[in-house]
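Here is the file work.cif (mmCIF, C-alpha atoms).
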```cif
data_run
#
loop_
_atom_site.label_atom_id
_atom_site.label_comp_id
_atom_site.auth_asym_id
_atom_site.auth_seq_id
_atom_site.Cartn_x
_atom_site.Cartn_y
_atom_site.Cartn_z
CA MET A 27 0.00 0.00 0.00
CA GLY A 28 3.05 2.19 -0.03
CA TYR A 29 3.13 2.89 3.71
CA ASP A 30 6.55 3.46 5.22
CA GLN A 31 7.45 2.16 8.67
CA GLN A 32 7.03 5.56 10.30
CA LEU A 33 3.46 5.90 9.05
CA VAL A 34 2.58 2.34 10.12
CA ALA A 35 4.10 2.95 13.56
CA GLU A 36 2.05 6.12 13.94
CA ILE A 37 -1.18 4.46 12.83
CA LEU A 38 -0.57 1.50 15.18
CA ASP A 39 0.29 3.93 17.99
CA LEU A 40 3.84 2.65 18.37
CA ASN A 41 6.59 4.93 19.64
CA HIS A 42 9.29 3.62 17.29
CA THR A 43 9.67 1.77 14.01
CA ASN A 44 12.01 -0.85 15.49
CA LYS A 45 9.14 -3.29 16.17
CA ILE A 46 7.91 -3.01 12.61
CA SER A 47 11.42 -3.57 11.30
CA ARG A 48 11.76 -6.69 13.45
CA TRP A 49 8.40 -7.98 12.18
CA GLU A 50 9.38 -7.35 8.58
CA ASN A 51 12.72 -9.14 8.81
CA GLY A 52 11.32 -12.09 10.80
CA ALA A 53 13.22 -11.38 14.01
CA ALA A 54 9.97 -11.09 15.98
CA LEU A 55 6.24 -11.54 15.62
CA PRO A 56 3.68 -8.89 16.51
CA THR A 57 1.33 -9.43 19.42
CA LEU A 58 -2.09 -10.73 18.52
CA VAL A 59 -3.55 -7.25 18.96
CA ASN A 60 -0.93 -5.72 16.67
CA ALA A 61 -1.48 -8.49 14.12
CA PHE A 62 -5.17 -7.58 14.02
CA LYS A 63 -4.27 -3.92 13.70
CA LEU A 64 -1.97 -4.70 10.78
CA ALA A 65 -4.66 -6.81 9.14
CA GLY A 66 -7.11 -3.96 9.50
CA LEU A 67 -4.64 -1.45 8.14
CA TYR A 68 -3.86 -3.55 5.07
CA HIS A 69 -7.46 -4.81 4.61
CA VAL A 70 -6.49 -8.48 4.79
CA TYR A 71 -7.16 -11.40 7.12
CA VAL A 72 -4.54 -12.07 9.79
CA GLU A 73 -3.82 -15.44 8.15
CA GLU A 74 -2.70 -13.63 5.01
CA LEU A 75 -0.04 -11.73 6.96
CA PHE A 76 1.42 -14.97 8.30
CA TYR A 77 0.69 -17.44 5.52
CA ASP A 78 3.99 -19.35 5.71
CA LEU A 79 3.83 -19.63 9.50
CA MET A 80 0.18 -20.69 9.38
CA ASP A 81 0.86 -23.31 6.72
CA LYS A 82 3.87 -24.73 8.61
CA THR A 83 1.99 -24.76 11.92
CA ARG A 84 -1.06 -26.42 10.39
CA SER A 85 1.11 -29.18 8.88
CA GLU A 86 2.96 -29.74 12.15
CA ILE A 87 -0.18 -29.89 14.28
CA THR A 88 -1.95 -32.19 11.83
CA GLU A 89 1.01 -34.56 11.86
CA ARG A 90 1.20 -34.41 15.65
CA ALA A 91 -2.54 -35.04 16.02
CA GLU A 92 -2.34 -38.08 13.75
CA THR A 93 0.60 -39.46 15.77
CA VAL A 94 -1.08 -38.91 19.14
CA LEU A 95 -4.42 -40.30 18.00
CA ALA A 96 -2.77 -43.35 16.41
CA ARG A 97 -0.87 -44.04 19.65
CA ARG A 98 -4.05 -43.69 21.68
CA GLN A 99 -5.91 -45.93 19.30
CA ARG A 100 -3.28 -48.65 19.81
CA THR A 101 -3.68 -48.37 23.58
CA SER A 102 -7.42 -47.75 23.67
CA PRO A 103 -9.47 -49.39 20.92
CA ALA A 104 -12.51 -47.29 21.93
CA ILE A 105 -11.28 -44.37 19.78
CA SER A 106 -12.64 -44.66 16.27
CA THR A 107 -10.87 -43.64 13.07
CA GLY A 108 -13.65 -41.10 12.51
CA GLN A 109 -12.17 -39.03 15.34
CA VAL A 110 -8.81 -38.91 13.57
CA GLU A 111 -10.45 -37.43 10.48
CA SER A 112 -12.33 -34.79 12.44
CA VAL A 113 -9.16 -33.54 14.13
CA THR A 114 -7.09 -33.37 10.95
CA ASN A 115 -9.71 -31.65 8.79
#
```
Would you write the structure of this file as structure tokens?
Amino acid sequence: MGYDQQLVAEILDLNHTNKISRWENGAALPTLVNAFKLAGLYHVYVEELFYDLMDKTRSEITERAETVLARRQRTSPAISTGQVESVTN
């Protein structure tokens, strides 16, 4: 949108641009509140600001859920495979 860091800092009510610089270069992530502010400023969903992180996290948690549910299923046959699908979808 052509906003420089100083303008974004002012709109987000930040005292300095150092936070924005750290967000841009991946050294830090904004707080949830600041992420929503950024999304509002740029007229996008929060997920769009963090697509790579969201995609990586979704893959990791899906894999972890499948592993945990498979282990539980081996130890407790009462868990059905339908529950595995509902967690991973």
field: Between atom CA of A:Trp49 and atom CA of A:Ile37 - distance in Å to one decimal
entry: 15.7 Å
query: Can you list, as number ranges by chain, the residues that the PyMOL selection byres ((chain A and resi 63-72) around 12) selects here?
result: A: 27-29, 31, 33-40, 46, 49-50, 55-62, 73-80
message: What does the structure give for the distance between atom CA of A:Gly52 and atom CA of A:Thr88, in Å to one decimal?
response: 24.1 Å
query: How many Å lie between atom CA of A:Gln32 and atom CA of A:Asn51, rounded to one decimal?
result: 15.8 Å
Hey, can I get the axis-aligned box for stretch 55-63 of chain A? All listed atoms, 3 Å padding on each side, centre and edge lengths in Å to one decimal, as AutoDock Vina command-line options.
```
--center_x 0.5 --center_y -7.7 --center_z 16.6 --size_x 17.4 --size_y 13.6 --size_z 11.7
```
For stretch 58-69 of chain A, where the input has fewer atoms than it should, I would like N, CA and C atoms rebuilt and written as a compact mmCIF listing (two decimals), in the coordinates of the input.
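Heads up, here's the output in out_34.txt:
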```txt
# COMPACT_ATOMS: atom_id res chain seq x y z
N LEU A 58 -0.83 -10.45 19.20
CA LEU A 58 -2.09 -10.73 18.52
C LEU A 58 -2.85 -9.44 18.22
N VAL A 59 -2.86 -8.53 19.17
CA VAL A 59 -3.55 -7.25 18.96
C VAL A 59 -2.92 -6.48 17.80
N ASN A 60 -1.58 -6.42 17.77
CA ASN A 60 -0.93 -5.72 16.67
C ASN A 60 -1.12 -6.44 15.34
N ALA A 61 -1.20 -7.75 15.35
CA ALA A 61 -1.48 -8.49 14.12
C ALA A 61 -2.85 -8.12 13.58
N PHE A 62 -3.83 -8.00 14.46
CA PHE A 62 -5.17 -7.58 14.02
C PHE A 62 -5.16 -6.14 13.52
N LYS A 63 -4.39 -5.30 14.16
CA LYS A 63 -4.27 -3.92 13.70
C LYS A 63 -3.66 -3.87 12.30
N LEU A 64 -2.60 -4.64 12.09
CA LEU A 64 -1.97 -4.70 10.78
C LEU A 64 -2.95 -5.21 9.72
N ALA A 65 -3.68 -6.25 10.07
CA ALA A 65 -4.66 -6.81 9.14
C ALA A 65 -5.71 -5.76 8.78
N GLY A 66 -6.15 -5.02 9.77
CA GLY A 66 -7.11 -3.96 9.50
C GLY A 66 -6.53 -2.87 8.63
N LEU A 67 -5.31 -2.50 8.91
CA LEU A 67 -4.64 -1.45 8.14
C LEU A 67 -4.49 -1.84 6.67
N TYR A 68 -4.11 -3.09 6.44
CA TYR A 68 -3.86 -3.55 5.07
C TYR A 68 -5.07 -4.22 4.42
N HIS A 69 -6.20 -4.26 5.14
CA HIS A 69 -7.46 -4.81 4.61
C HIS A 69 -7.29 -6.26 4.17
```
